[in-house]
>>> print(open('upload-v4.cif').read())   # mmCIF, N, CA and C atoms
data_protein
loop_
_atom_site.label_atom_id
_atom_site.label_comp_id
_atom_site.auth_asym_id
_atom_site.auth_seq_id
_atom_site.Cartn_x
_atom_site.Cartn_y
_atom_site.Cartn_z
N MET D 61 11.34 7.59 -38.89
CA MET D 61 10.63 8.82 -38.58
C MET D 61 9.13 8.66 -38.80
N GLY D 62 8.71 7.52 -39.28
CA GLY D 62 7.29 7.28 -39.46
C GLY D 62 6.70 7.87 -40.72
N ILE D 63 7.53 8.24 -41.66
CA ILE D 63 7.04 8.75 -42.94
C ILE D 63 7.71 7.96 -44.07
N LEU D 64 7.46 8.35 -45.28
CA LEU D 64 8.15 7.70 -46.40
C LEU D 64 9.01 8.73 -47.12
N PRO D 65 9.95 8.25 -47.95
CA PRO D 65 10.80 9.22 -48.65
C PRO D 65 9.95 10.10 -49.56
N GLY D 66 10.26 11.37 -49.56
CA GLY D 66 9.58 12.27 -50.47
C GLY D 66 10.39 12.43 -51.75
N ALA D 67 9.99 13.35 -52.55
CA ALA D 67 10.70 13.69 -53.79
C ALA D 67 10.84 12.49 -54.72
N GLY D 68 9.87 11.61 -54.71
CA GLY D 68 9.87 10.48 -55.63
C GLY D 68 10.59 9.25 -55.15
N GLY D 69 11.07 9.23 -53.92
CA GLY D 69 11.83 8.08 -53.44
C GLY D 69 11.10 6.77 -53.51
N THR D 70 9.83 6.74 -53.14
CA THR D 70 9.08 5.49 -53.21
C THR D 70 8.45 5.27 -54.58
N ALA D 71 8.30 6.32 -55.35
CA ALA D 71 7.70 6.19 -56.67
C ALA D 71 8.72 5.88 -57.76
N ARG D 72 9.92 6.43 -57.65
CA ARG D 72 10.91 6.26 -58.70
C ARG D 72 11.93 5.16 -58.41
N LEU D 73 12.24 4.94 -57.14
CA LEU D 73 13.26 3.95 -56.79
C LEU D 73 12.93 2.55 -57.29
N PRO D 74 11.68 2.09 -57.22
CA PRO D 74 11.40 0.75 -57.76
C PRO D 74 11.70 0.61 -59.25
N ARG D 75 11.52 1.66 -60.00
CA ARG D 75 11.84 1.60 -61.43
C ARG D 75 13.35 1.52 -61.65
N LEU D 76 14.10 2.10 -60.75
CA LEU D 76 15.55 2.11 -60.87
C LEU D 76 16.18 0.84 -60.33
N LEU D 77 15.72 0.40 -59.16
CA LEU D 77 16.36 -0.72 -58.47
C LEU D 77 15.58 -2.02 -58.55
N GLY D 78 14.34 -1.97 -58.97
CA GLY D 78 13.47 -3.14 -58.90
C GLY D 78 12.70 -3.13 -57.59
N ARG D 79 11.57 -3.81 -57.56
CA ARG D 79 10.67 -3.79 -56.41
C ARG D 79 11.34 -4.27 -55.13
N GLY D 80 11.95 -5.43 -55.18
CA GLY D 80 12.53 -6.03 -53.98
C GLY D 80 13.61 -5.17 -53.36
N ARG D 81 14.56 -4.73 -54.17
CA ARG D 81 15.67 -3.92 -53.65
C ARG D 81 15.15 -2.58 -53.13
N ALA D 82 14.21 -1.97 -53.86
CA ALA D 82 13.66 -0.69 -53.41
C ALA D 82 12.95 -0.84 -52.07
N LEU D 83 12.15 -1.88 -51.92
CA LEU D 83 11.47 -2.11 -50.64
C LEU D 83 12.47 -2.31 -49.52
N GLU D 84 13.50 -3.09 -49.77
CA GLU D 84 14.50 -3.36 -48.74
C GLU D 84 15.19 -2.07 -48.30
N VAL D 85 15.58 -1.24 -49.24
CA VAL D 85 16.29 0.00 -48.91
C VAL D 85 15.35 0.98 -48.20
N VAL D 86 14.15 1.15 -48.73
CA VAL D 86 13.22 2.13 -48.16
C VAL D 86 12.70 1.68 -46.80
N LEU D 87 12.32 0.41 -46.68
CA LEU D 87 11.75 -0.05 -45.42
C LEU D 87 12.76 -0.18 -44.29
N THR D 88 14.02 -0.46 -44.62
CA THR D 88 15.02 -0.54 -43.56
C THR D 88 15.64 0.82 -43.27
N GLY D 89 15.62 1.70 -44.23
CA GLY D 89 16.23 3.02 -44.04
C GLY D 89 17.74 2.97 -43.91
N ARG D 90 18.34 1.85 -44.33
CA ARG D 90 19.78 1.72 -44.16
C ARG D 90 20.53 2.56 -45.18
N ASP D 91 21.74 2.91 -44.82
CA ASP D 91 22.61 3.64 -45.74
C ASP D 91 23.13 2.67 -46.80
N VAL D 92 23.29 3.17 -47.99
CA VAL D 92 23.85 2.39 -49.10
C VAL D 92 25.16 3.05 -49.47
N GLY D 93 26.25 2.28 -49.38
CA GLY D 93 27.57 2.79 -49.72
C GLY D 93 27.74 2.94 -51.23
N ALA D 94 28.78 3.65 -51.61
CA ALA D 94 29.04 3.94 -53.02
C ALA D 94 29.23 2.67 -53.85
N ASP D 95 30.01 1.72 -53.36
CA ASP D 95 30.25 0.49 -54.12
C ASP D 95 28.96 -0.29 -54.35
N GLU D 96 28.14 -0.39 -53.30
CA GLU D 96 26.87 -1.10 -53.45
C GLU D 96 25.93 -0.34 -54.37
N ALA D 97 25.89 0.98 -54.23
CA ALA D 97 25.03 1.80 -55.09
C ALA D 97 25.40 1.62 -56.56
N LEU D 98 26.68 1.51 -56.85
CA LEU D 98 27.14 1.25 -58.22
C LEU D 98 26.71 -0.15 -58.65
N ALA D 99 26.88 -1.12 -57.79
CA ALA D 99 26.56 -2.51 -58.14
C ALA D 99 25.08 -2.73 -58.40
N ILE D 100 24.20 -2.02 -57.70
CA ILE D 100 22.76 -2.21 -57.87
C ILE D 100 22.15 -1.26 -58.89
N GLY D 101 22.96 -0.44 -59.51
CA GLY D 101 22.45 0.43 -60.57
C GLY D 101 21.93 1.77 -60.10
N TRP D 102 22.18 2.12 -58.85
CA TRP D 102 21.75 3.40 -58.32
C TRP D 102 22.66 4.52 -58.82
N LEU D 103 23.91 4.17 -59.06
CA LEU D 103 24.89 5.10 -59.62
C LEU D 103 25.37 4.57 -60.97
N ASP D 104 25.77 5.48 -61.84
CA ASP D 104 26.30 5.08 -63.14
C ASP D 104 27.80 4.85 -63.09
N ALA D 105 28.50 5.57 -62.23
CA ALA D 105 29.95 5.45 -62.16
C ALA D 105 30.43 6.03 -60.84
N LEU D 106 31.59 5.55 -60.40
CA LEU D 106 32.31 6.14 -59.28
C LEU D 106 33.54 6.80 -59.87
N VAL D 107 33.66 8.10 -59.67
CA VAL D 107 34.75 8.86 -60.28
C VAL D 107 35.45 9.67 -59.20
N PRO D 108 36.78 9.58 -59.14
CA PRO D 108 37.49 10.43 -58.18
C PRO D 108 37.18 11.91 -58.43
N ALA D 109 37.11 12.69 -57.38
CA ALA D 109 36.75 14.10 -57.50
C ALA D 109 37.62 14.84 -58.51
N ASP D 110 38.91 14.53 -58.54
CA ASP D 110 39.81 15.21 -59.47
C ASP D 110 39.51 14.88 -60.94
N ASP D 111 38.84 13.77 -61.17
CA ASP D 111 38.54 13.34 -62.54
C ASP D 111 37.11 13.63 -62.96
N LEU D 112 36.31 14.21 -62.07
CA LEU D 112 34.89 14.36 -62.31
C LEU D 112 34.59 15.21 -63.55
N LEU D 113 35.20 16.36 -63.68
CA LEU D 113 34.91 17.23 -64.83
C LEU D 113 35.32 16.56 -66.14
N ALA D 114 36.46 15.91 -66.17
CA ALA D 114 36.89 15.22 -67.39
C ALA D 114 35.94 14.08 -67.73
N HIS D 115 35.50 13.34 -66.72
CA HIS D 115 34.57 12.24 -66.94
C HIS D 115 33.25 12.77 -67.51
N ALA D 116 32.70 13.79 -66.86
CA ALA D 116 31.44 14.37 -67.32
C ALA D 116 31.60 14.98 -68.71
N GLY D 117 32.73 15.63 -68.95
CA GLY D 117 32.99 16.21 -70.26
C GLY D 117 33.06 15.15 -71.35
N GLY D 118 33.65 14.00 -71.04
CA GLY D 118 33.72 12.91 -71.99
C GLY D 118 32.34 12.39 -72.36
N ILE D 119 31.49 12.26 -71.37
CA ILE D 119 30.12 11.82 -71.62
C ILE D 119 29.39 12.85 -72.47
N ALA D 120 29.52 14.13 -72.09
CA ALA D 120 28.85 15.19 -72.83
C ALA D 120 29.34 15.26 -74.28
N THR D 121 30.63 15.09 -74.48
CA THR D 121 31.20 15.12 -75.83
C THR D 121 30.65 13.98 -76.67
N ARG D 122 30.58 12.81 -76.08
CA ARG D 122 30.08 11.64 -76.81
C ARG D 122 28.61 11.84 -77.19
N ILE D 123 27.80 12.34 -76.26
CA ILE D 123 26.39 12.58 -76.56
C ILE D 123 26.25 13.67 -77.61
N ALA D 124 27.03 14.74 -77.49
CA ALA D 124 26.94 15.85 -78.43
C ALA D 124 27.32 15.44 -79.85
N ALA D 125 28.07 14.35 -80.00
CA ALA D 125 28.45 13.87 -81.34
C ALA D 125 27.29 13.17 -82.03
N MET D 126 26.25 12.84 -81.31
CA MET D 126 25.09 12.15 -81.89
C MET D 126 24.18 13.16 -82.57
N PRO D 127 23.42 12.73 -83.58
CA PRO D 127 22.47 13.65 -84.22
C PRO D 127 21.44 14.16 -83.21
N PRO D 128 21.19 15.46 -83.20
CA PRO D 128 20.22 16.01 -82.24
C PRO D 128 18.85 15.35 -82.31
N ALA D 129 18.41 14.97 -83.50
CA ALA D 129 17.11 14.31 -83.62
C ALA D 129 17.11 12.95 -82.91
N SER D 130 18.23 12.26 -82.95
CA SER D 130 18.34 10.97 -82.27
C SER D 130 18.34 11.15 -80.76
N ILE D 131 19.05 12.15 -80.28
CA ILE D 131 19.08 12.43 -78.84
C ILE D 131 17.67 12.76 -78.35
N ALA D 132 16.98 13.61 -79.08
CA ALA D 132 15.61 13.99 -78.70
C ALA D 132 14.69 12.78 -78.70
N ALA D 133 14.83 11.92 -79.70
CA ALA D 133 13.97 10.74 -79.79
C ALA D 133 14.23 9.78 -78.63
N VAL D 134 15.49 9.56 -78.28
CA VAL D 134 15.81 8.68 -77.15
C VAL D 134 15.20 9.23 -75.87
N LYS D 135 15.37 10.52 -75.62
CA LYS D 135 14.82 11.12 -74.40
C LYS D 135 13.29 11.01 -74.39
N GLU D 136 12.66 11.23 -75.53
CA GLU D 136 11.21 11.12 -75.63
C GLU D 136 10.73 9.71 -75.28
N VAL D 137 11.39 8.70 -75.85
CA VAL D 137 10.96 7.32 -75.61
C VAL D 137 11.21 6.92 -74.16
N VAL D 138 12.36 7.28 -73.61
CA VAL D 138 12.64 6.95 -72.21
C VAL D 138 11.61 7.62 -71.29
N ASN D 139 11.32 8.88 -71.53
CA ASN D 139 10.33 9.57 -70.70
C ASN D 139 8.95 8.96 -70.84
N THR D 140 8.57 8.59 -72.06
CA THR D 140 7.26 7.96 -72.27
C THR D 140 7.17 6.64 -71.53
N THR D 141 8.25 5.86 -71.57
CA THR D 141 8.26 4.58 -70.87
C THR D 141 8.17 4.76 -69.36
N LEU D 142 8.90 5.74 -68.84
CA LEU D 142 8.86 5.97 -67.40
C LEU D 142 7.54 6.56 -66.94
N ASP D 143 6.91 7.38 -67.79
CA ASP D 143 5.66 8.02 -67.42
C ASP D 143 4.44 7.14 -67.66
N GLY D 144 4.59 6.13 -68.51
CA GLY D 144 3.46 5.28 -68.86
C GLY D 144 3.81 3.82 -68.68
N SER D 145 3.29 3.02 -69.58
CA SER D 145 3.50 1.57 -69.51
C SER D 145 4.59 1.15 -70.49
N LEU D 146 4.99 -0.10 -70.39
CA LEU D 146 5.93 -0.66 -71.35
C LEU D 146 5.33 -0.57 -72.75
N HIS D 147 4.04 -0.84 -72.87
CA HIS D 147 3.36 -0.74 -74.17
C HIS D 147 3.49 0.67 -74.73
N ASP D 148 3.28 1.68 -73.89
CA ASP D 148 3.43 3.07 -74.34
C ASP D 148 4.85 3.33 -74.83
N GLY D 149 5.83 2.81 -74.10
CA GLY D 149 7.22 3.00 -74.48
C GLY D 149 7.55 2.32 -75.79
N LEU D 150 7.07 1.08 -75.97
CA LEU D 150 7.34 0.36 -77.21
C LEU D 150 6.67 1.03 -78.40
N THR D 151 5.48 1.55 -78.19
CA THR D 151 4.78 2.28 -79.26
C THR D 151 5.55 3.54 -79.63
N ALA D 152 5.99 4.29 -78.63
CA ALA D 152 6.76 5.51 -78.87
C ALA D 152 8.09 5.19 -79.55
N GLU D 153 8.71 4.09 -79.14
CA GLU D 153 9.98 3.69 -79.74
C GLU D 153 9.81 3.37 -81.22
N SER D 154 8.78 2.63 -81.54
CA SER D 154 8.53 2.27 -82.93
C SER D 154 8.27 3.51 -83.78
N ALA D 155 7.49 4.45 -83.26
CA ALA D 155 7.20 5.68 -83.99
C ALA D 155 8.46 6.53 -84.16
N ALA D 156 9.27 6.62 -83.12
CA ALA D 156 10.49 7.41 -83.20
C ALA D 156 11.48 6.79 -84.18
N LEU D 157 11.60 5.48 -84.16
CA LEU D 157 12.49 4.80 -85.09
C LEU D 157 12.05 5.05 -86.53
N ALA D 158 10.77 4.96 -86.78
CA ALA D 158 10.25 5.22 -88.13
C ALA D 158 10.56 6.65 -88.57
N ARG D 159 10.38 7.62 -87.67
CA ARG D 159 10.70 9.03 -88.00
C ARG D 159 12.17 9.20 -88.34
N LEU D 160 13.04 8.58 -87.52
CA LEU D 160 14.48 8.72 -87.76
C LEU D 160 14.90 8.01 -89.04
N MET D 161 14.31 6.87 -89.32
CA MET D 161 14.64 6.17 -90.56
C MET D 161 14.16 6.98 -91.77
N ASP D 162 13.01 7.62 -91.66
CA ASP D 162 12.51 8.46 -92.75
C ASP D 162 13.42 9.65 -92.99
N ALA D 163 14.04 10.16 -91.94
CA ALA D 163 14.93 11.31 -92.07
C ALA D 163 16.22 10.93 -92.79
N ASP D 164 16.51 9.62 -92.86
CA ASP D 164 17.64 9.08 -93.62
C ASP D 164 19.00 9.56 -93.12
N LEU D 165 19.09 9.94 -91.85
CA LEU D 165 20.37 10.35 -91.27
C LEU D 165 21.23 9.16 -90.90
N HIS D 166 20.66 7.99 -90.88
CA HIS D 166 21.35 6.80 -90.40
C HIS D 166 22.20 6.10 -91.46
N ARG D 167 21.91 6.33 -92.70
CA ARG D 167 22.52 5.53 -93.77
C ARG D 167 24.05 5.60 -93.77
N GLU D 168 24.61 6.80 -93.74
CA GLU D 168 26.07 6.94 -93.81
C GLU D 168 26.76 6.40 -92.56
N PRO D 169 26.34 6.77 -91.33
CA PRO D 169 27.00 6.20 -90.14
C PRO D 169 26.82 4.68 -90.04
N MET D 170 25.66 4.17 -90.44
CA MET D 170 25.44 2.74 -90.38
C MET D 170 26.34 2.01 -91.38
N SER D 171 26.54 2.60 -92.55
CA SER D 171 27.45 2.00 -93.53
C SER D 171 28.88 1.95 -93.00
N ARG D 172 29.31 3.04 -92.34
CA ARG D 172 30.66 3.06 -91.74
C ARG D 172 30.78 1.99 -90.65
N PHE D 173 29.74 1.86 -89.84
CA PHE D 173 29.73 0.88 -88.77
C PHE D 173 29.88 -0.53 -89.33
N LEU D 174 29.12 -0.85 -90.34
CA LEU D 174 29.20 -2.18 -90.93
C LEU D 174 30.53 -2.40 -91.63
N ALA D 175 31.04 -1.38 -92.31
CA ALA D 175 32.34 -1.49 -92.99
C ALA D 175 33.48 -1.70 -91.99
N ALA D 176 33.32 -1.16 -90.77
CA ALA D 176 34.36 -1.28 -89.75
C ALA D 176 34.28 -2.60 -88.98
N GLY D 177 33.32 -3.46 -89.34
CA GLY D 177 33.23 -4.76 -88.69
C GLY D 177 32.06 -4.93 -87.76
N GLY D 178 31.19 -3.94 -87.69
CA GLY D 178 30.00 -4.08 -86.86
C GLY D 178 29.15 -5.23 -87.37
N GLN D 179 28.46 -5.90 -86.49
CA GLN D 179 27.60 -7.04 -86.78
C GLN D 179 28.40 -8.25 -87.26
N THR D 180 29.66 -8.30 -86.90
CA THR D 180 30.45 -9.52 -87.10
C THR D 180 30.81 -10.04 -85.72
N ARG D 181 31.19 -11.30 -85.64
CA ARG D 181 31.55 -11.86 -84.34
C ARG D 181 32.68 -11.06 -83.68
N ALA D 182 33.74 -10.77 -84.46
CA ALA D 182 34.87 -10.01 -83.89
C ALA D 182 34.43 -8.61 -83.50
N GLY D 183 33.63 -7.99 -84.33
CA GLY D 183 33.18 -6.63 -84.03
C GLY D 183 32.32 -6.56 -82.79
N GLU D 184 31.48 -7.56 -82.60
CA GLU D 184 30.58 -7.54 -81.46
C GLU D 184 31.23 -7.99 -80.16
N THR D 185 32.27 -8.79 -80.23
CA THR D 185 32.86 -9.29 -79.00
C THR D 185 34.14 -8.59 -78.59
N GLU D 186 34.95 -8.16 -79.55
CA GLU D 186 36.26 -7.61 -79.21
C GLU D 186 36.42 -6.14 -79.51
N ARG D 187 35.78 -5.66 -80.55
CA ARG D 187 36.09 -4.32 -81.02
C ARG D 187 34.92 -3.35 -80.99
N MET D 188 33.80 -3.70 -80.38
CA MET D 188 32.62 -2.84 -80.45
C MET D 188 32.88 -1.44 -79.91
N THR D 189 33.49 -1.33 -78.77
CA THR D 189 33.77 -0.01 -78.20
C THR D 189 34.70 0.77 -79.12
N GLU D 190 35.72 0.10 -79.62
CA GLU D 190 36.66 0.75 -80.52
C GLU D 190 35.96 1.23 -81.79
N ILE D 191 35.08 0.42 -82.34
CA ILE D 191 34.35 0.78 -83.56
C ILE D 191 33.47 1.99 -83.30
N VAL D 192 32.70 1.95 -82.24
CA VAL D 192 31.78 3.06 -81.95
C VAL D 192 32.57 4.33 -81.66
N ASP D 193 33.63 4.23 -80.86
CA ASP D 193 34.45 5.41 -80.57
C ASP D 193 35.03 6.00 -81.85
N GLY D 194 35.49 5.14 -82.76
CA GLY D 194 36.03 5.60 -84.03
C GLY D 194 34.99 6.31 -84.87
N LEU D 195 33.77 5.82 -84.84
CA LEU D 195 32.70 6.47 -85.60
C LEU D 195 32.38 7.84 -85.03
N LEU D 196 32.44 7.96 -83.71
CA LEU D 196 32.14 9.24 -83.07
C LEU D 196 33.23 10.27 -83.34
N ASP D 197 34.44 9.81 -83.57
CA ASP D 197 35.55 10.72 -83.82
C ASP D 197 35.50 11.34 -85.20
N ARG D 198 34.71 10.78 -86.10
CA ARG D 198 34.65 11.28 -87.48
C ARG D 198 33.77 12.48 -87.61
#
>>> encode(input="upload-v4.cif", output="structure tokens")
Amino acid sequence: MGILPGAGGTARLPRLLGRGRALEVVLTGRDVGADEALAIGWLDALVPADDLLAHAGGIATRIAAMPPASIAAVKEVVNTTLDGSLHDGLTAESAALARLMDADLHREPMSRFLAAGGQTRAGETERMTEIVDGLLDR
């Protein structure tokens, strides 16, 4: 049509897909199927329509189990990185980590994580998902 994608298509897509893939998709205007979109990181998951609410609810439940201060800090750092430079993001990350460590909310969950085998070879290769899920259930 002789124009470029609006609504952030040319500004945000390179951050999501990388420069080369974003240029290829935008300049060719080709359709991207669901499987390819998942493979290149454009989508987070493919979920059957009947399972969509349960899938979204599971994600929401898992996030809601995290400390609100941690959720806010993650969102702040991600937004700072996307709005600025990598240096800005790393600076924000360091400051947020220091604030969270000062709040001392991490000590008890981190102790449970280590006691359950976190930071061991078996914990990191075979049981990490199980360990984290178990911690969230408490």
>>> closest_residue(input="upload-v4.cif", among="D:Met170, D:Ala129, D:Val137, D:Ala163", to="D:Thr151", atoms="only C-alpha atoms")
D:Val137
>>> closest_residue(input="upload-v4.cif", among="D:Ile119, D:Val86, D:Thr180, D:Asp148", to="D:Pro65", atoms="all atoms listed in the file")
D:Val86
>>> resolve_selection(input="upload-v4.cif", expression="the PyMOL selection byres (((chain D and resi 156-159 and name CA) around 12) and name CA)", output="count of residues only")
25
>>> atom_distance(input="upload-v4.cif", atom1="atom N of D:Leu77", atom2="atom C of D:Gly101")
6.4 Å
>>> axis_aligned_box(input="upload-v4.cif", around="stretch 107-117 of chain D", padding_each_side="6 Å", output="JSON")
{"center_x": 35.6, "center_y": 12.7, "center_z": -64.4, "size_x": 20.4, "size_y": 21.1, "size_z": 26.0}
>>> residues_around(input="upload-v4.cif", residues="D:Ile100", least_positions_apart="3", cutoff="7 Å", atoms="all atoms listed in the file", output="ChimeraX atom specification")
/D:76-77,95-97,103
>>> closest_residue(input="upload-v4.cif", among="D:Leu113, D:Leu142, D:Ile123, D:Leu98", to="D:Arg75", atoms="only N, CA and C atoms")
D:Leu142
>>> atom_distance(input="upload-v4.cif", atom1="atom N of D:Gly183", atom2="atom N of D:Arg167")
20.3 Å
>>> atom_distance(input="upload-v4.cif", atom1="atom C of D:Ser145", atom2="atom CA of D:Thr70")
18.4 Å
>>> residues_around(input="upload-v4.cif", residues="D:Val85", least_positions_apart="2", cutoff="12 Å", atoms="only C-alpha atoms", output="PyMOL selection string")
chain D and resi 64-65+69-70+73-74+77-83+87-93+96-97+100+102
>>> select_by_dssp(input="upload-v4.cif", residues="stretch 62-118 of chain D", states="alpha helix (DSSP H)", output="number ranges by chain")
D: 69-77, 79-88, 94-99, 112-118
